[in-house]
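Enquirer: Please read through the structure below; I'll follow up with questions.
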Amino acid sequence: MLLRSSLPVLEGTIAAPELTAPVEVVRDAQGVPTLVGRSRDDLAWALGYLHAQERFFQMDGQRRLAAGQVAELAGAAALSLDREVRMHRFRSRAAAVLAAMTHDERRVLDAYVAGVNRGLGDLRAAPFEYTVLRSTPAPWTAVDTVLTVYAMYLDLQEQDGATERRRGRAKEALGQPLATFLFPEGTSWDASLDGSELSALAMPDRHAANRADAPIRADGEWAVETASFGSNNWAVGGTLSSRGAAIVANDMHLGLRVPNIWYRARLVLDDKNPGRTLTITGVTLPGAPNIVAGSNGKIAWGFTNSFVDTSDVVILEPAEDPNLYQTPTGPQPLIRVEERLCSGEGACEILPVEESLWGPIIGTNHQGRKLAYRWIAHDPAAVNLRGMLELERAETANAALEIGHRLGIPHQNLVVGDAQGNIGWTVTSVLPRRFGFDGREPMSWADGTKGWSGYLAPQEVPVIYNPEHHRIWTANNRVVGGEALARLGIGAYAHGSRARQIRDSLFAKDRFDEHDMLMIQLDDRGVLLERWQALMLHRLRVGAGNPQYASLVPEVENWGGRAVPDSVGYRLVRTFRTELIRAVYGAYSAPMRAGEAAGSDQRSSQPVAPKQADEPVWRLLTERPAHLVPLAYRDWDALVDAAIAKTLAAIAAQAGGRLEAFTWGAANRAEIRHPLTRVVPGLSFFLDPPNEPQPGDLYQPRVAAPSSGASERFVVAPGREATGIFHMPTSQSGHPLSPYYNVGHEDWVRGRATPFLPGAPKWRLVFQPP
């Protein structure tokens, strides 16, 4: 009875004195609502009501994550996470964001907040998660919506400058030639929109090589490949579209959980004034009042994480007084703030946070120098609602691109198409204007010759509009080169393989409809692994006298080239490539760990291979420079044999020695879980979808890993939404007794084409003002 008391209201009439006119909410069989109202404020109120009733526990988790207050709900085990986040003091920074909001922004936000709290209050019992945790939800505030956006910054950008710190440490420990080779900024797989290519890296010569006679780290101590949050999106212009309008495809790759991060909605603004009507369909982020990505009938838009450089690690120069540090205007003291961290068990601790002129202190380097973090996320300009509310109303691709530079969200590749067939790309949000350095590695700003001088003007941010080939694509890769790249900065760009497969598929045809786009989204071909398969097969045949090698030959030879669940060959090749990268970087990163002082920057010295590691290792194994063979191996053949031996060991350890059981599906099972089942495993039967083998991998359009992947997929032509396609894992509801709990999940798993628009009405709810 208590569980049912926390179910949302689906039908009836609810008195809502907060509204200026009635708002009707009609849900379809999957729980997707269409909200019809006469003002954007009223729609924000109603959307807040729905978010609270369906997803409040998720919203609470997001605000706690950004505020560094997870342990208050989850217990002492989350204190380490809270310590990492609390140094950014996002709850305090949110006040400046709210102070900078316009009247119109604040009016929509306040309406949304009021709707959230009314929706939470109208539940007959608190969301069921609080019953399990024996806790009580706190009301929602405007600060909490700002924290929701900060939580996305934490998901999508580095909060500690790890990439930059690693580059700097590699240069110091390995020397510039070897560091540049091992930590490249791109590869031959790059598929930029402007056709630019980076110069091929020089192979370090004998004198430049700097190797350490140190043991390779044991298996499992570090990950070669991690599922970084990113996305794919692309568009084709109207001349290539069977609809006449542009077609936009978007799938955003994030951590997967129950319920899904996104909440589908269709907002219909039926303002009786001519020209003021608006219909927007897409995904919302519970905690915020706007459509994040979708279509308004005039434009369709989607996002991928841009991975441009939005932060810098600043090395502080100590002054004679140990309590001071050097700045361009003379020595200054660090500002010390005490943050109080508490766990759900009641224990509290004081976390001292040091703030410099350039941002919080995030650690020290191997020389013991303090490191400050200059990050756009700390600036008031990092968050606003104005831009997204303007984007909802944009009528042309060109107007949307202009608005993109005013968005207050984590920096994204905005891809947009309009009903007239125009398409475009740009990077959203404000970007730093650096002087005196390029942002690639930690630097001292003490003498005033290096730093930031505000933000780039919108006209300085690269834009690509209606390219001659009528195609645009991004996949977290480097999108432009030359001066444009210099302005955006070298961030932690993804390997270019996904972007290349998308680009090649777009150029394989001259006409597209929505189904063609879906097929690209579901492309699970392992093109990146083809050369590794050839290398492995060659070495297996050379050693055919070894019976263990001989047993692998048929599977590797007939591997199929696709990341499908029943493929043994794909997993063998994938494992072989991983072990080669681990061997090379495990050996060469040893000097980066040497001489570490207590309390030094351990994170930057972790020997985790960069996203572009595939290319340096391939070149070493094909060019075979004798002076660069890792010291633990006789020659390059010995290293390849060692990787095969590691693959055989993986078969023994992970498949009980049964080769037929060593399938890709056994390794790549979807582990999509509700947060509660991680602490109360017995609830998994009621809350979690089936743990199924899934196709896809990290380096192809169909990105899939056990707990991350496509958090949505849509394909839509603006003005032709009825022929659009949409997928989403799990479902709208976070409540296991909901009539649509996990309904639609199987369509996402199987890749079945399902409608972009909500279906036939099933439940009707009316909010009625006096």
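Naming scheme: A, B, ... for chains in displayed order of the structure tokens; residues 1 onward per chain; ligands 1 onward as shown.
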Can you pull out every residue within 8 Å of segment 553-567 of chain A, counting only C-alpha atoms, but drop anything in the same chain fewer than 2 positions away, and send it as number ranges by chain?
Expert: A: 524-527, 529-530, 533, 536-537, 540-541, 549-551, 569-573, 663-666, 668, 693-697
Enquirer: With N, CA and C atoms retained, write the just-selected residues as an mmCIF file, in the first residue's frame.
Expert:
```cif
data_model
loop_
_atom_site.group_PDB
_atom_site.id
_atom_site.type_symbol
_atom_site.label_atom_id
_atom_site.label_comp_id
_atom_site.auth_asym_id
_atom_site.auth_seq_id
_atom_site.Cartn_x
_atom_site.Cartn_y
_atom_site.Cartn_z
ATOM 1 N N ASP A 524 27.317 -1.705 -36.124
ATOM 2 C CA ASP A 524 28.211 -2.338 -35.142
ATOM 3 C C ASP A 524 29.446 -2.964 -35.794
ATOM 4 N N ARG A 525 29.789 -2.518 -37.000
ATOM 5 C CA ARG A 525 30.991 -3.038 -37.662
ATOM 6 C C ARG A 525 32.252 -2.583 -36.932
ATOM 7 N N GLY A 526 33.182 -3.497 -36.744
ATOM 8 C CA GLY A 526 34.427 -3.188 -36.053
ATOM 9 C C GLY A 526 35.524 -2.788 -37.014
ATOM 10 N N VAL A 527 35.322 -1.712 -37.754
ATOM 11 C CA VAL A 527 36.282 -1.302 -38.783
ATOM 12 C C VAL A 527 37.649 -1.034 -38.173
ATOM 13 N N LEU A 529 39.116 -2.467 -35.833
ATOM 14 C CA LEU A 529 39.823 -3.692 -35.449
ATOM 15 C C LEU A 529 40.307 -4.508 -36.643
ATOM 16 N N GLU A 530 39.966 -4.119 -37.858
ATOM 17 C CA GLU A 530 40.329 -4.944 -39.018
ATOM 18 C C GLU A 530 41.836 -5.144 -39.136
ATOM 19 N N GLN A 533 42.980 -7.525 -36.473
ATOM 20 C CA GLN A 533 42.616 -8.907 -36.801
ATOM 21 C C GLN A 533 43.639 -9.516 -37.761
ATOM 22 N N MET A 536 46.864 -10.264 -35.786
ATOM 23 C CA MET A 536 46.716 -11.423 -34.915
ATOM 24 C C MET A 536 46.702 -12.712 -35.731
ATOM 25 N N LEU A 537 45.949 -12.703 -36.840
ATOM 26 C CA LEU A 537 45.855 -13.908 -37.663
ATOM 27 C C LEU A 537 47.222 -14.287 -38.233
ATOM 28 N N LEU A 540 49.282 -15.857 -35.444
ATOM 29 C CA LEU A 540 48.770 -17.187 -35.102
ATOM 30 C C LEU A 540 49.208 -18.216 -36.140
ATOM 31 N N ARG A 541 49.190 -17.844 -37.395
ATOM 32 C CA ARG A 541 49.599 -18.775 -38.445
ATOM 33 C C ARG A 541 51.089 -19.053 -38.403
ATOM 34 N N TYR A 549 47.534 -21.897 -30.328
ATOM 35 C CA TYR A 549 47.406 -20.945 -31.424
ATOM 36 C C TYR A 549 46.468 -21.504 -32.487
ATOM 37 N N ALA A 550 46.663 -22.768 -32.833
ATOM 38 C CA ALA A 550 45.869 -23.384 -33.890
ATOM 39 C C ALA A 550 44.375 -23.338 -33.571
ATOM 40 N N SER A 551 44.027 -23.462 -32.297
ATOM 41 C CA SER A 551 42.616 -23.455 -31.928
ATOM 42 C C SER A 551 41.968 -22.090 -32.143
ATOM 43 N N GLY A 569 35.274 -14.486 -32.341
ATOM 44 C CA GLY A 569 36.390 -13.852 -33.021
ATOM 45 C C GLY A 569 36.524 -12.383 -32.690
ATOM 46 N N TYR A 570 35.400 -11.667 -32.601
ATOM 47 C CA TYR A 570 35.467 -10.244 -32.285
ATOM 48 C C TYR A 570 36.095 -10.036 -30.914
ATOM 49 N N ARG A 571 35.666 -10.842 -29.937
ATOM 50 C CA ARG A 571 36.217 -10.661 -28.591
ATOM 51 C C ARG A 571 37.696 -11.026 -28.552
ATOM 52 N N LEU A 572 38.099 -12.036 -29.309
ATOM 53 C CA LEU A 572 39.516 -12.400 -29.340
ATOM 54 C C LEU A 572 40.357 -11.242 -29.876
ATOM 55 N N VAL A 573 39.941 -10.675 -30.997
ATOM 56 C CA VAL A 573 40.702 -9.575 -31.594
ATOM 57 C C VAL A 573 40.687 -8.362 -30.675
ATOM 58 N N THR A 663 32.558 -15.252 -25.832
ATOM 59 C CA THR A 663 31.848 -14.451 -26.830
ATOM 60 C C THR A 663 31.856 -12.976 -26.437
ATOM 61 N N TRP A 664 31.595 -12.132 -27.416
ATOM 62 C CA TRP A 664 31.512 -10.707 -27.121
ATOM 63 C C TRP A 664 30.317 -10.422 -26.212
ATOM 64 N N GLY A 665 29.234 -11.141 -26.411
ATOM 65 C CA GLY A 665 28.062 -10.919 -25.574
ATOM 66 C C GLY A 665 28.299 -11.249 -24.118
ATOM 67 N N ALA A 666 29.171 -12.221 -23.839
ATOM 68 C CA ALA A 666 29.471 -12.553 -22.443
ATOM 69 C C ALA A 666 30.202 -11.411 -21.750
ATOM 70 N N ASN A 668 30.008 -8.105 -22.946
ATOM 71 C CA ASN A 668 29.295 -6.849 -23.162
ATOM 72 C C ASN A 668 27.813 -7.010 -22.855
ATOM 73 N N PRO A 693 23.036 -9.711 -23.228
ATOM 74 C CA PRO A 693 24.151 -9.412 -24.142
ATOM 75 C C PRO A 693 23.694 -8.374 -25.170
ATOM 76 N N GLN A 694 24.598 -7.467 -25.532
ATOM 77 C CA GLN A 694 24.212 -6.420 -26.474
ATOM 78 C C GLN A 694 25.272 -6.229 -27.550
ATOM 79 N N PRO A 695 24.848 -5.872 -28.748
ATOM 80 C CA PRO A 695 25.803 -5.561 -29.810
ATOM 81 C C PRO A 695 26.388 -4.172 -29.604
ATOM 82 N N GLY A 696 27.508 -3.902 -30.293
ATOM 83 C CA GLY A 696 28.131 -2.592 -30.226
ATOM 84 C C GLY A 696 29.370 -2.585 -29.357
ATOM 85 N N ASP A 697 30.117 -1.487 -29.447
ATOM 86 C CA ASP A 697 31.382 -1.338 -28.726
ATOM 87 C C ASP A 697 31.701 0.144 -28.646
#
```
Enquirer: Write down as a VMD selection string the residues belonging to segment 55-115 of chain A that are assigned alpha helix (DSSP H) by DSSP computed on the backbone.
Expert: chain A and resid 55 to 67 71 to 74 79 to 86 90 to 99 103 to 115
Enquirer: Which residues are near segment 402-408 of chain A? Cut-off 6 Å, only C-alpha atoms, ignore same chain within fewer than 5 positions. Put them as a PyMOL selection string.
Expert: chain A and resi 382-384+387+428-429+458
Enquirer: So, counting only C-alpha atoms, which residue among A:Arg38, A:Arg433, A:Arg369, A:Arg63 is closest to Val268 of chain A?
Expert: A:Arg38
Enquirer: List the neighbours of Ala642 of chain A out to 9 Å using only C-alpha atoms; skip same-chain residues closer than 2 positions along the sequence, and give me the result as a PyMOL selection string.
Expert: chain A and resi 579-580+583+633+637-640+644-647
Enquirer: From a DSSP pass on the backbone, collect the residues of segment 300-458 of chain A flagged as strand (DSSP E) and hand them back as number ranges by chain.
Expert: A: 300-305, 311-315, 324-325, 332-333, 335-342, 348-356, 359-364, 370-375, 412-418, 423-427, 432-435, 451-455
Enquirer: Using only C-alpha atoms, can you tell me which of A:Thr148, A:Asn323, A:Thr329, A:Asn422 comes closest to Thr396 of chain A?
Expert: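 Between A:Thr148, A:Asn323, A:Thr329, A:Asn422, the residue approaching Thr396 of chain A most closely is A:Asn422.
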Enquirer: At most 9 Å is the cut-off: for each residue in segment 8-82 of chain A with any atom that close to an atom of segment 120-124 of chain A, write down the nearest atom pair and the distance in Å rounded to one decimal, counting only C-alpha atoms, chain first then increasing number, as a tab-separated table.
Expert:
```
residue	atom	partner	partner_atom	distance
A:Pro8	CA	A:Leu123	CA	6.5
A:Val9	CA	A:Leu123	CA	7.7
A:Tyr49	CA	A:Leu120	CA	7.3
A:His51	CA	A:Leu120	CA	9.0
A:Ala52	CA	A:Leu120	CA	5.3
A:Gln53	CA	A:Leu120	CA	5.8
A:Phe56	CA	A:Leu120	CA	7.5
```
